[in-house]
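Colleague: Mind looking over this structure? Questions follow.
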Amino acid sequence: MRTLRHTLFALGLALLCAGIAVAEPAHPPLYKVTKGQSTVYLMGSMHFLMASDYPLPADVDNAYREADKVYFELPPDELQSPATLLATMQLGTYHDAHTLQDDVSPELWKRILDYASKNGLPAAAVPKFEPWFLAVAIVGLESQKMGLTGDSGLDMHFAKQAATDKKPVAGFETVVQQLSIFHDAP
């Protein structure tokens, strides 16, 4: 089980880093499904973007304008909630004697500590990080180095726009549901 978790950790980190290393302007995948008078748009989100990625392509803005309600991966109001930070710390860290060092090879542990010291991750906290939480922290740090921010991501962009336009919003899952998937993975 531990090998599968490490493989998924490495694969996930590689995919996340590859996904944010795109030099082209943002053009998320956008699908339109129509039946009778009903239309549903489904768009893949880019959580980290640059201000220079805007304006978005016309088809993306048009899909937003046509929507009566906007669904997000996670409810926008939960993203800014103090309860989300608490849930992230509860589900993203070990709470017993187990540490991240127990889950990785000595070579990888050395590389993790080296990365942490060079990038401002608190050395005392890193051993308590679950692998997925460390991956999220690294992606966040590397995104910032590339000029990408969550505030410029599609989620925040459309959440702010929906608030301005007074469009109702909802999430497909809660933050706790999503974090639990990572936390409970083998």
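Chain identifiers are assigned as A, B, and so on, following the order in which chains appear in the structure tokens; residues are numbered from 1 within each chain, and ligands are numbered from 1 in order of appearance.
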With only C-alpha atoms as the counted atoms, please give the residues lying no more than 9 Å from stretch 57-64 of chain A, apart from itself and same-chain residues fewer than 2 positions off, as a PyMOL selection string.

Modeller: chain A and resi 26-28+30+32+40-41+43+54-55+66-70+158+162

Colleague: Next, the residues of the selection above should be written as a PDB file, in the first residue's frame with C-alpha atoms.

Modeller:
ATOM      1  CA  ALA A  26      -5.500  29.852 -20.567  1.00  0.00           C
ATOM      2  CA  HIS A  27      -8.132  28.050 -22.570  1.00  0.00           C
ATOM      3  CA  PRO A  28      -9.854  25.538 -20.350  1.00  0.00           C
ATOM      4  CA  LEU A  30     -15.273  23.603 -22.320  1.00  0.00           C
ATOM      5  CA  LYS A  32     -21.709  22.169 -24.099  1.00  0.00           C
ATOM      6  CA  VAL A  40     -25.315  22.651 -19.452  1.00  0.00           C
ATOM      7  CA  TYR A  41     -21.720  23.803 -19.798  1.00  0.00           C
ATOM      8  CA  MET A  43     -15.513  23.458 -17.996  1.00  0.00           C
ATOM      9  CA  TYR A  54      -7.159  37.367 -19.104  1.00  0.00           C
ATOM     10  CA  PRO A  55      -9.323  38.148 -20.941  1.00  0.00           C
ATOM     11  CA  GLU A  66     -25.580  32.130 -20.437  1.00  0.00           C
ATOM     12  CA  ALA A  67     -25.458  30.269 -17.104  1.00  0.00           C
ATOM     13  CA  ASP A  68     -28.247  30.825 -14.594  1.00  0.00           C
ATOM     14  CA  LYS A  69     -26.268  29.169 -11.808  1.00  0.00           C
ATOM     15  CA  VAL A  70     -22.543  28.449 -11.488  1.00  0.00           C
ATOM     16  CA  PHE A 158     -15.857  33.253 -11.794  1.00  0.00           C
ATOM     17  CA  ALA A 162     -20.923  35.522  -9.947  1.00  0.00           C
TER      18      ALA A 162
END

Colleague: Could you name the residues that touch A:Gly140 at 10 Å or less, counting only C-alpha atoms, but leaving out those on the same chain fewer than 3 positions away, as a ChimeraX atom specification?

Modeller: /A:16-17,48,134-137,143-145,148-150

Colleague: Suppose we keep N, CA, C and O atoms; can you now write the selection as an mmCIF file, in the first residue's frame?

Modeller:
data_model
loop_
_atom_site.group_PDB
_atom_site.id
_atom_site.type_symbol
_atom_site.label_atom_id
_atom_site.label_comp_id
_atom_site.auth_asym_id
_atom_site.auth_seq_id
_atom_site.Cartn_x
_atom_site.Cartn_y
_atom_site.Cartn_z
ATOM 1 N N LEU A 16 0.592 17.731 -11.703
ATOM 2 C CA LEU A 16 0.246 19.081 -11.270
ATOM 3 C C LEU A 16 1.275 20.084 -11.753
ATOM 4 O O LEU A 16 0.939 21.153 -12.245
ATOM 5 N N CYS A 17 2.537 19.741 -11.629
ATOM 6 C CA CYS A 17 3.589 20.663 -12.076
ATOM 7 C C CYS A 17 3.558 20.823 -13.588
ATOM 8 O O CYS A 17 3.730 21.924 -14.099
ATOM 9 N N PHE A 48 -4.675 27.866 -10.833
ATOM 10 C CA PHE A 48 -3.608 28.866 -10.763
ATOM 11 C C PHE A 48 -3.413 29.462 -12.150
ATOM 12 O O PHE A 48 -3.145 28.746 -13.106
ATOM 13 N N LEU A 134 1.979 17.659 1.304
ATOM 14 C CA LEU A 134 3.270 18.195 0.863
ATOM 15 C C LEU A 134 3.224 18.507 -0.627
ATOM 16 O O LEU A 134 3.718 19.554 -1.062
ATOM 17 N N ALA A 135 2.615 17.624 -1.420
ATOM 18 C CA ALA A 135 2.511 17.865 -2.861
ATOM 19 C C ALA A 135 1.746 19.151 -3.147
ATOM 20 O O ALA A 135 2.160 19.961 -3.983
ATOM 21 N N VAL A 136 0.654 19.365 -2.439
ATOM 22 C CA VAL A 136 -0.138 20.584 -2.621
ATOM 23 C C VAL A 136 0.689 21.812 -2.233
ATOM 24 O O VAL A 136 0.673 22.831 -2.927
ATOM 25 N N ALA A 137 1.433 21.717 -1.134
ATOM 26 C CA ALA A 137 2.275 22.839 -0.700
ATOM 27 C C ALA A 137 3.345 23.153 -1.746
ATOM 28 O O ALA A 137 3.592 24.322 -2.065
ATOM 29 N N SER A 143 4.060 27.336 -8.119
ATOM 30 C CA SER A 143 3.145 28.177 -8.904
ATOM 31 C C SER A 143 3.438 29.651 -8.661
ATOM 32 O O SER A 143 3.491 30.451 -9.599
ATOM 33 N N GLN A 144 3.620 30.010 -7.396
ATOM 34 C CA GLN A 144 3.929 31.398 -7.057
ATOM 35 C C GLN A 144 5.225 31.843 -7.715
ATOM 36 O O GLN A 144 5.321 32.971 -8.218
ATOM 37 N N LYS A 145 6.229 30.963 -7.725
ATOM 38 C CA LYS A 145 7.510 31.315 -8.361
ATOM 39 C C LYS A 145 7.334 31.618 -9.846
ATOM 40 O O LYS A 145 8.081 32.402 -10.419
ATOM 41 N N LEU A 148 2.048 32.465 -11.034
ATOM 42 C CA LEU A 148 0.674 31.982 -11.017
ATOM 43 C C LEU A 148 0.096 32.147 -9.621
ATOM 44 O O LEU A 148 0.791 31.920 -8.637
ATOM 45 N N THR A 149 -1.185 32.520 -9.541
ATOM 46 C CA THR A 149 -1.814 32.665 -8.232
ATOM 47 C C THR A 149 -3.212 32.068 -8.259
ATOM 48 O O THR A 149 -3.867 32.015 -9.310
ATOM 49 N N GLY A 150 -3.658 31.646 -7.093
ATOM 50 C CA GLY A 150 -5.027 31.164 -6.960
ATOM 51 C C GLY A 150 -6.025 32.291 -7.148
ATOM 52 O O GLY A 150 -7.134 32.071 -7.641
#

Colleague: Check stretch 25-169 of chain A with DSSP on the backbone and list each residue it calls alpha helix (DSSP H), as a PDB file with N, CA and C atoms, in the first residue's frame.

Modeller:
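Okay, this is what ended up in selection00.pdb:
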ATOM      1  N   ALA A  58     -13.606  34.037 -25.848  1.00  0.00           N
ATOM      2  CA  ALA A  58     -15.006  34.453 -25.924  1.00  0.00           C
ATOM      3  C   ALA A  58     -15.970  33.315 -25.585  1.00  0.00           C
ATOM      4  N   ASP A  59     -15.662  32.085 -26.013  1.00  0.00           N
ATOM      5  CA  ASP A  59     -16.596  30.994 -25.740  1.00  0.00           C
ATOM      6  C   ASP A  59     -16.725  30.715 -24.237  1.00  0.00           C
ATOM      7  N   VAL A  60     -15.666  30.931 -23.488  1.00  0.00           N
ATOM      8  CA  VAL A  60     -15.709  30.733 -22.040  1.00  0.00           C
ATOM      9  C   VAL A  60     -16.565  31.825 -21.394  1.00  0.00           C
ATOM     10  N   ASP A  61     -16.327  33.072 -21.765  1.00  0.00           N
ATOM     11  CA  ASP A  61     -17.125  34.172 -21.220  1.00  0.00           C
ATOM     12  C   ASP A  61     -18.597  34.046 -21.622  1.00  0.00           C
ATOM     13  N   ASN A  62     -18.855  33.611 -22.846  1.00  0.00           N
ATOM     14  CA  ASN A  62     -20.241  33.431 -23.296  1.00  0.00           C
ATOM     15  C   ASN A  62     -20.945  32.341 -22.499  1.00  0.00           C
ATOM     16  N   ALA A  63     -20.260  31.254 -22.227  1.00  0.00           N
ATOM     17  CA  ALA A  63     -20.846  30.171 -21.432  1.00  0.00           C
ATOM     18  C   ALA A  63     -21.208  30.681 -20.041  1.00  0.00           C
ATOM     19  N   TYR A  64     -20.333  31.464 -19.442  1.00  0.00           N
ATOM     20  CA  TYR A  64     -20.634  32.037 -18.127  1.00  0.00           C
ATOM     21  C   TYR A  64     -21.878  32.929 -18.205  1.00  0.00           C
ATOM     22  N   ARG A  65     -21.914  33.802 -19.187  1.00  0.00           N
ATOM     23  CA  ARG A  65     -23.034  34.740 -19.310  1.00  0.00           C
ATOM     24  C   ARG A  65     -24.364  34.006 -19.489  1.00  0.00           C
ATOM     25  N   GLU A  66     -24.352  32.890 -20.198  1.00  0.00           N
ATOM     26  CA  GLU A  66     -25.580  32.130 -20.437  1.00  0.00           C
ATOM     27  C   GLU A  66     -26.023  31.317 -19.220  1.00  0.00           C
ATOM     28  N   PRO A  76     -17.455  28.212  -3.354  1.00  0.00           N
ATOM     29  CA  PRO A  76     -16.536  29.342  -3.187  1.00  0.00           C
ATOM     30  C   PRO A  76     -16.458  29.885  -1.766  1.00  0.00           C
ATOM     31  N   ASP A  77     -17.586  29.922  -1.052  1.00  0.00           N
ATOM     32  CA  ASP A  77     -17.561  30.476   0.296  1.00  0.00           C
ATOM     33  C   ASP A  77     -16.756  29.608   1.254  1.00  0.00           C
ATOM     34  N   GLU A  78     -16.622  28.320   0.963  1.00  0.00           N
ATOM     35  CA  GLU A  78     -15.827  27.452   1.828  1.00  0.00           C
ATOM     36  C   GLU A  78     -14.323  27.701   1.675  1.00  0.00           C
ATOM     37  N   LEU A  79     -13.910  28.176   0.518  1.00  0.00           N
ATOM     38  CA  LEU A  79     -12.484  28.344   0.267  1.00  0.00           C
ATOM     39  C   LEU A  79     -11.854  29.400   1.168  1.00  0.00           C
ATOM     40  N   PRO A  82     -12.330  29.981   7.728  1.00  0.00           N
ATOM     41  CA  PRO A  82     -11.346  29.477   8.693  1.00  0.00           C
ATOM     42  C   PRO A  82     -11.516  27.976   8.948  1.00  0.00           C
ATOM     43  N   ALA A  83     -12.733  27.474   8.807  1.00  0.00           N
ATOM     44  CA  ALA A  83     -12.975  26.038   8.995  1.00  0.00           C
ATOM     45  C   ALA A  83     -12.234  25.213   7.941  1.00  0.00           C
ATOM     46  N   THR A  84     -12.032  25.778   6.760  1.00  0.00           N
ATOM     47  CA  THR A  84     -11.298  25.072   5.705  1.00  0.00           C
ATOM     48  C   THR A  84      -9.840  24.900   6.096  1.00  0.00           C
ATOM     49  N   LEU A  85      -9.242  25.933   6.654  1.00  0.00           N
ATOM     50  CA  LEU A  85      -7.854  25.829   7.112  1.00  0.00           C
ATOM     51  C   LEU A  85      -7.739  24.765   8.201  1.00  0.00           C
ATOM     52  N   LEU A  86      -8.675  24.768   9.117  1.00  0.00           N
ATOM     53  CA  LEU A  86      -8.666  23.779  10.186  1.00  0.00           C
ATOM     54  C   LEU A  86      -8.817  22.361   9.621  1.00  0.00           C
ATOM     55  N   ALA A  87      -9.758  22.166   8.693  1.00  0.00           N
ATOM     56  CA  ALA A  87      -9.963  20.854   8.084  1.00  0.00           C
ATOM     57  C   ALA A  87      -8.726  20.417   7.310  1.00  0.00           C
ATOM     58  N   THR A  88      -8.087  21.341   6.618  1.00  0.00           N
ATOM     59  CA  THR A  88      -6.874  21.021   5.859  1.00  0.00           C
ATOM     60  C   THR A  88      -5.769  20.548   6.797  1.00  0.00           C
ATOM     61  N   MET A  89      -5.606  21.227   7.906  1.00  0.00           N
ATOM     62  CA  MET A  89      -4.569  20.826   8.866  1.00  0.00           C
ATOM     63  C   MET A  89      -4.929  19.497   9.534  1.00  0.00           C
ATOM     64  N   GLN A  90      -6.203  19.276   9.798  1.00  0.00           N
ATOM     65  CA  GLN A  90      -6.626  18.018  10.414  1.00  0.00           C
ATOM     66  C   GLN A  90      -6.411  16.839   9.476  1.00  0.00           C
ATOM     67  N   LEU A  91      -6.787  17.011   8.204  1.00  0.00           N
ATOM     68  CA  LEU A  91      -6.738  15.903   7.253  1.00  0.00           C
ATOM     69  C   LEU A  91      -5.402  15.808   6.513  1.00  0.00           C
ATOM     70  N   GLY A  92      -4.607  16.866   6.538  1.00  0.00           N
ATOM     71  CA  GLY A  92      -3.355  16.873   5.786  1.00  0.00           C
ATOM     72  C   GLY A  92      -2.117  16.556   6.607  1.00  0.00           C
ATOM     73  N   PRO A 106      15.077   7.166   2.367  1.00  0.00           N
ATOM     74  CA  PRO A 106      16.017   8.129   2.958  1.00  0.00           C
ATOM     75  C   PRO A 106      16.474   9.193   1.946  1.00  0.00           C
ATOM     76  N   GLU A 107      16.662   8.783   0.698  1.00  0.00           N
ATOM     77  CA  GLU A 107      17.095   9.743  -0.328  1.00  0.00           C
ATOM     78  C   GLU A 107      16.021  10.805  -0.577  1.00  0.00           C
ATOM     79  N   LEU A 108      14.766  10.351  -0.689  1.00  0.00           N
ATOM     80  CA  LEU A 108      13.686  11.299  -0.920  1.00  0.00           C
ATOM     81  C   LEU A 108      13.496  12.195   0.302  1.00  0.00           C
ATOM     82  N   TRP A 109      13.632  11.645   1.491  1.00  0.00           N
ATOM     83  CA  TRP A 109      13.493  12.456   2.705  1.00  0.00           C
ATOM     84  C   TRP A 109      14.530  13.574   2.719  1.00  0.00           C
ATOM     85  N   LYS A 110      15.756  13.254   2.328  1.00  0.00           N
ATOM     86  CA  LYS A 110      16.811  14.267   2.276  1.00  0.00           C
ATOM     87  C   LYS A 110      16.439  15.362   1.271  1.00  0.00           C
ATOM     88  N   ARG A 111      15.893  14.956   0.118  1.00  0.00           N
ATOM     89  CA  ARG A 111      15.493  15.935  -0.890  1.00  0.00           C
ATOM     90  C   ARG A 111      14.329  16.805  -0.397  1.00  0.00           C
ATOM     91  N   ILE A 112      13.407  16.192   0.337  1.00  0.00           N
ATOM     92  CA  ILE A 112      12.280  16.949   0.891  1.00  0.00           C
ATOM     93  C   ILE A 112      12.786  17.998   1.874  1.00  0.00           C
ATOM     94  N   LEU A 113      13.680  17.604   2.768  1.00  0.00           N
ATOM     95  CA  LEU A 113      14.225  18.552   3.751  1.00  0.00           C
ATOM     96  C   LEU A 113      15.013  19.663   3.067  1.00  0.00           C
ATOM     97  N   ASP A 114      15.762  19.312   2.030  1.00  0.00           N
ATOM     98  CA  ASP A 114      16.516  20.310   1.282  1.00  0.00           C
ATOM     99  C   ASP A 114      15.557  21.305   0.614  1.00  0.00           C
ATOM    100  N   TYR A 115      14.509  20.792  -0.014  1.00  0.00           N
ATOM    101  CA  TYR A 115      13.521  21.665  -0.654  1.00  0.00           C
ATOM    102  C   TYR A 115      12.865  22.568   0.389  1.00  0.00           C
ATOM    103  N   ALA A 116      12.489  21.972   1.508  1.00  0.00           N
ATOM    104  CA  ALA A 116      11.817  22.738   2.568  1.00  0.00           C
ATOM    105  C   ALA A 116      12.691  23.890   3.045  1.00  0.00           C
ATOM    106  N   SER A 117      13.963  23.615   3.283  1.00  0.00           N
ATOM    107  CA  SER A 117      14.845  24.676   3.799  1.00  0.00           C
ATOM    108  C   SER A 117      15.079  25.773   2.768  1.00  0.00           C
ATOM    109  N   LYS A 118      15.120  25.421   1.499  1.00  0.00           N
ATOM    110  CA  LYS A 118      15.348  26.412   0.449  1.00  0.00           C
ATOM    111  C   LYS A 118      14.102  27.208   0.096  1.00  0.00           C
ATOM    112  N   ASN A 119      12.928  26.695   0.502  1.00  0.00           N
ATOM    113  CA  ASN A 119      11.689  27.319   0.057  1.00  0.00           C
ATOM    114  C   ASN A 119      10.770  27.783   1.181  1.00  0.00           C
ATOM    115  N   PRO A 131       1.794  12.865   2.532  1.00  0.00           N
ATOM    116  CA  PRO A 131       2.397  13.085   1.209  1.00  0.00           C
ATOM    117  C   PRO A 131       1.573  13.995   0.299  1.00  0.00           C
ATOM    118  N   TRP A 132       0.271  13.809   0.257  1.00  0.00           N
ATOM    119  CA  TRP A 132      -0.554  14.631  -0.622  1.00  0.00           C
ATOM    120  C   TRP A 132      -0.522  16.102  -0.207  1.00  0.00           C
ATOM    121  N   PHE A 133      -0.462  16.361   1.090  1.00  0.00           N
ATOM    122  CA  PHE A 133      -0.438  17.731   1.576  1.00  0.00           C
ATOM    123  C   PHE A 133       0.887  18.404   1.205  1.00  0.00           C
ATOM    124  N   LEU A 134       1.979  17.659   1.304  1.00  0.00           N
ATOM    125  CA  LEU A 134       3.270  18.195   0.863  1.00  0.00           C
ATOM    126  C   LEU A 134       3.224  18.507  -0.627  1.00  0.00           C
ATOM    127  N   ALA A 135       2.615  17.624  -1.420  1.00  0.00           N
ATOM    128  CA  ALA A 135       2.511  17.865  -2.861  1.00  0.00           C
ATOM    129  C   ALA A 135       1.746  19.151  -3.147  1.00  0.00           C
ATOM    130  N   VAL A 136       0.654  19.365  -2.439  1.00  0.00           N
ATOM    131  CA  VAL A 136      -0.138  20.584  -2.621  1.00  0.00           C
ATOM    132  C   VAL A 136       0.689  21.812  -2.233  1.00  0.00           C
ATOM    133  N   ALA A 137       1.433  21.717  -1.134  1.00  0.00           N
ATOM    134  CA  ALA A 137       2.275  22.839  -0.700  1.00  0.00           C
ATOM    135  C   ALA A 137       3.345  23.153  -1.746  1.00  0.00           C
ATOM    136  N   ILE A 138       3.966  22.116  -2.295  1.00  0.00           N
ATOM    137  CA  ILE A 138       5.014  22.322  -3.302  1.00  0.00           C
ATOM    138  C   ILE A 138       4.427  22.940  -4.563  1.00  0.00           C
ATOM    139  N   VAL A 139       3.291  22.432  -5.016  1.00  0.00           N
ATOM    140  CA  VAL A 139       2.660  23.007  -6.206  1.00  0.00           C
ATOM    141  C   VAL A 139       2.320  24.474  -5.969  1.00  0.00           C
ATOM    142  N   GLY A 140       1.817  24.796  -4.796  1.00  0.00           N
ATOM    143  CA  GLY A 140       1.512  26.196  -4.483  1.00  0.00           C
ATOM    144  C   GLY A 140       2.745  27.076  -4.522  1.00  0.00           C
ATOM    145  N   LEU A 141       3.826  26.613  -3.906  1.00  0.00           N
ATOM    146  CA  LEU A 141       5.067  27.391  -3.897  1.00  0.00           C
ATOM    147  C   LEU A 141       5.639  27.555  -5.302  1.00  0.00           C
ATOM    148  N   GLU A 142       5.674  26.474  -6.058  1.00  0.00           N
ATOM    149  CA  GLU A 142       6.235  26.541  -7.411  1.00  0.00           C
ATOM    150  C   GLU A 142       5.356  27.387  -8.326  1.00  0.00           C
ATOM    151  N   SER A 143       4.060  27.336  -8.119  1.00  0.00           N
ATOM    152  CA  SER A 143       3.145  28.177  -8.904  1.00  0.00           C
ATOM    153  C   SER A 143       3.438  29.651  -8.661  1.00  0.00           C
ATOM    154  N   GLN A 144       3.620  30.010  -7.396  1.00  0.00           N
ATOM    155  CA  GLN A 144       3.929  31.398  -7.057  1.00  0.00           C
ATOM    156  C   GLN A 144       5.225  31.843  -7.715  1.00  0.00           C
ATOM    157  N   LYS A 145       6.229  30.963  -7.725  1.00  0.00           N
ATOM    158  CA  LYS A 145       7.510  31.315  -8.361  1.00  0.00           C
ATOM    159  C   LYS A 145       7.334  31.618  -9.846  1.00  0.00           C
ATOM    160  N   LEU A 154      -9.314  30.345 -12.410  1.00  0.00           N
ATOM    161  CA  LEU A 154     -10.680  30.408 -12.931  1.00  0.00           C
ATOM    162  C   LEU A 154     -11.732  30.351 -11.834  1.00  0.00           C
ATOM    163  N   ASP A 155     -11.482  29.550 -10.802  1.00  0.00           N
ATOM    164  CA  ASP A 155     -12.455  29.432  -9.719  1.00  0.00           C
ATOM    165  C   ASP A 155     -12.733  30.805  -9.100  1.00  0.00           C
ATOM    166  N   MET A 156     -11.657  31.471  -8.703  1.00  0.00           N
ATOM    167  CA  MET A 156     -11.813  32.771  -8.049  1.00  0.00           C
ATOM    168  C   MET A 156     -12.371  33.812  -9.014  1.00  0.00           C
ATOM    169  N   HIS A 157     -11.915  33.760 -10.254  1.00  0.00           N
ATOM    170  CA  HIS A 157     -12.402  34.713 -11.261  1.00  0.00           C
ATOM    171  C   HIS A 157     -13.914  34.623 -11.394  1.00  0.00           C
ATOM    172  N   PHE A 158     -14.418  33.397 -11.586  1.00  0.00           N
ATOM    173  CA  PHE A 158     -15.857  33.253 -11.794  1.00  0.00           C
ATOM    174  C   PHE A 158     -16.655  33.369 -10.496  1.00  0.00           C
ATOM    175  N   ALA A 159     -16.053  33.035  -9.372  1.00  0.00           N
ATOM    176  CA  ALA A 159     -16.744  33.239  -8.089  1.00  0.00           C
ATOM    177  C   ALA A 159     -16.951  34.736  -7.845  1.00  0.00           C
ATOM    178  N   LYS A 160     -15.920  35.532  -8.107  1.00  0.00           N
ATOM    179  CA  LYS A 160     -16.049  36.992  -7.946  1.00  0.00           C
ATOM    180  C   LYS A 160     -17.068  37.555  -8.935  1.00  0.00           C
ATOM    181  N   GLN A 161     -16.998  37.058 -10.171  1.00  0.00           N
ATOM    182  CA  GLN A 161     -17.927  37.546 -11.196  1.00  0.00           C
ATOM    183  C   GLN A 161     -19.366  37.176 -10.830  1.00  0.00           C
ATOM    184  N   ALA A 162     -19.575  35.952 -10.334  1.00  0.00           N
ATOM    185  CA  ALA A 162     -20.923  35.522  -9.947  1.00  0.00           C
ATOM    186  C   ALA A 162     -21.446  36.364  -8.780  1.00  0.00           C
ATOM    187  N   ALA A 163     -20.572  36.711  -7.838  1.00  0.00           N
ATOM    188  CA  ALA A 163     -20.988  37.557  -6.715  1.00  0.00           C
ATOM    189  C   ALA A 163     -21.409  38.937  -7.224  1.00  0.00           C
ATOM    190  N   THR A 164     -20.615  39.495  -8.126  1.00  0.00           N
ATOM    191  CA  THR A 164     -20.940  40.800  -8.711  1.00  0.00           C
ATOM    192  C   THR A 164     -22.268  40.741  -9.462  1.00  0.00           C
ATOM    193  N   ASP A 165     -22.458  39.654 -10.220  1.00  0.00           N
ATOM    194  CA  ASP A 165     -23.665  39.496 -11.038  1.00  0.00           C
ATOM    195  C   ASP A 165     -24.845  38.925 -10.251  1.00  0.00           C
TER     196      ASP A 165
END

Colleague: For atom CA of A:Leu100 and atom CA of A:Gln177, quote the distance in Å rounded to one decimal.

Modeller: 22.6 Å

Colleague: With only C-alpha atoms as the counted atoms, please give the residues lying no more than 8 Å from A:Tyr94, apart from itself and same-chain residues fewer than 6 positions off, as number ranges by chain.

Modeller: A: 128-130

Colleague: Write out the residues from the selection above, keeping N, CA and C atoms, as a PDB file, in the first residue's frame.

Modeller:
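The resulting file, selection_8.pdb, is reproduced below:
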ATOM      1  N   LYS A 128       5.240  16.110   9.769  1.00  0.00           N
ATOM      2  CA  LYS A 128       3.846  15.771  10.063  1.00  0.00           C
ATOM      3  C   LYS A 128       2.947  15.856   8.836  1.00  0.00           C
ATOM      4  N   PHE A 129       3.455  16.371   7.711  1.00  0.00           N
ATOM      5  CA  PHE A 129       2.666  16.468   6.482  1.00  0.00           C
ATOM      6  C   PHE A 129       2.412  15.079   5.904  1.00  0.00           C
ATOM      7  N   GLU A 130       1.179  14.831   5.485  1.00  0.00           N
ATOM      8  CA  GLU A 130       0.902  13.640   4.697  1.00  0.00           C
ATOM      9  C   GLU A 130       1.439  13.915   3.293  1.00  0.00           C
TER      10      GLU A 130
END

Colleague: Just asking: which residues within stretch 25-95 of chain A are strand (DSSP E) according to DSSP, as a list in words?

Modeller: Leu30, Tyr31, Lys32, Val33, Thr34, Lys35, Ser38, Thr39, Val40, Tyr41, Leu42, Met43, Val70, Tyr71 and Phe72 of chain A

Colleague: Suppose we keep C-alpha atoms; can you now write the selection as a PDB file, in the first residue's frame?

Modeller:
ATOM      1  CA  LEU A  30     -15.273  23.603 -22.320  1.00  0.00           C
ATOM      2  CA  TYR A  31     -18.121  21.273 -23.230  1.00  0.00           C
ATOM      3  CA  LYS A  32     -21.709  22.169 -24.099  1.00  0.00           C
ATOM      4  CA  VAL A  33     -24.501  19.633 -23.599  1.00  0.00           C
ATOM      5  CA  THR A  34     -27.962  20.485 -24.888  1.00  0.00           C
ATOM      6  CA  LYS A  35     -31.255  18.614 -24.612  1.00  0.00           C
ATOM      7  CA  SER A  38     -31.778  22.909 -21.465  1.00  0.00           C
ATOM      8  CA  THR A  39     -28.077  23.606 -21.842  1.00  0.00           C
ATOM      9  CA  VAL A  40     -25.315  22.651 -19.452  1.00  0.00           C
ATOM     10  CA  TYR A  41     -21.720  23.803 -19.798  1.00  0.00           C
ATOM     11  CA  LEU A  42     -18.906  21.818 -18.226  1.00  0.00           C
ATOM     12  CA  MET A  43     -15.513  23.458 -17.996  1.00  0.00           C
ATOM     13  CA  VAL A  70     -22.543  28.449 -11.488  1.00  0.00           C
ATOM     14  CA  TYR A  71     -21.308  25.206  -9.948  1.00  0.00           C
ATOM     15  CA  PHE A  72     -17.726  24.911  -8.794  1.00  0.00           C
TER      16      PHE A  72
END

Colleague: State, in Å with one decimal place, the distance from atom CA of A:Leu179 to atom CA of A:His95.

Modeller: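 For atom CA of A:Leu179 relative to atom CA of A:His95, the distance reads 15.7 Å.
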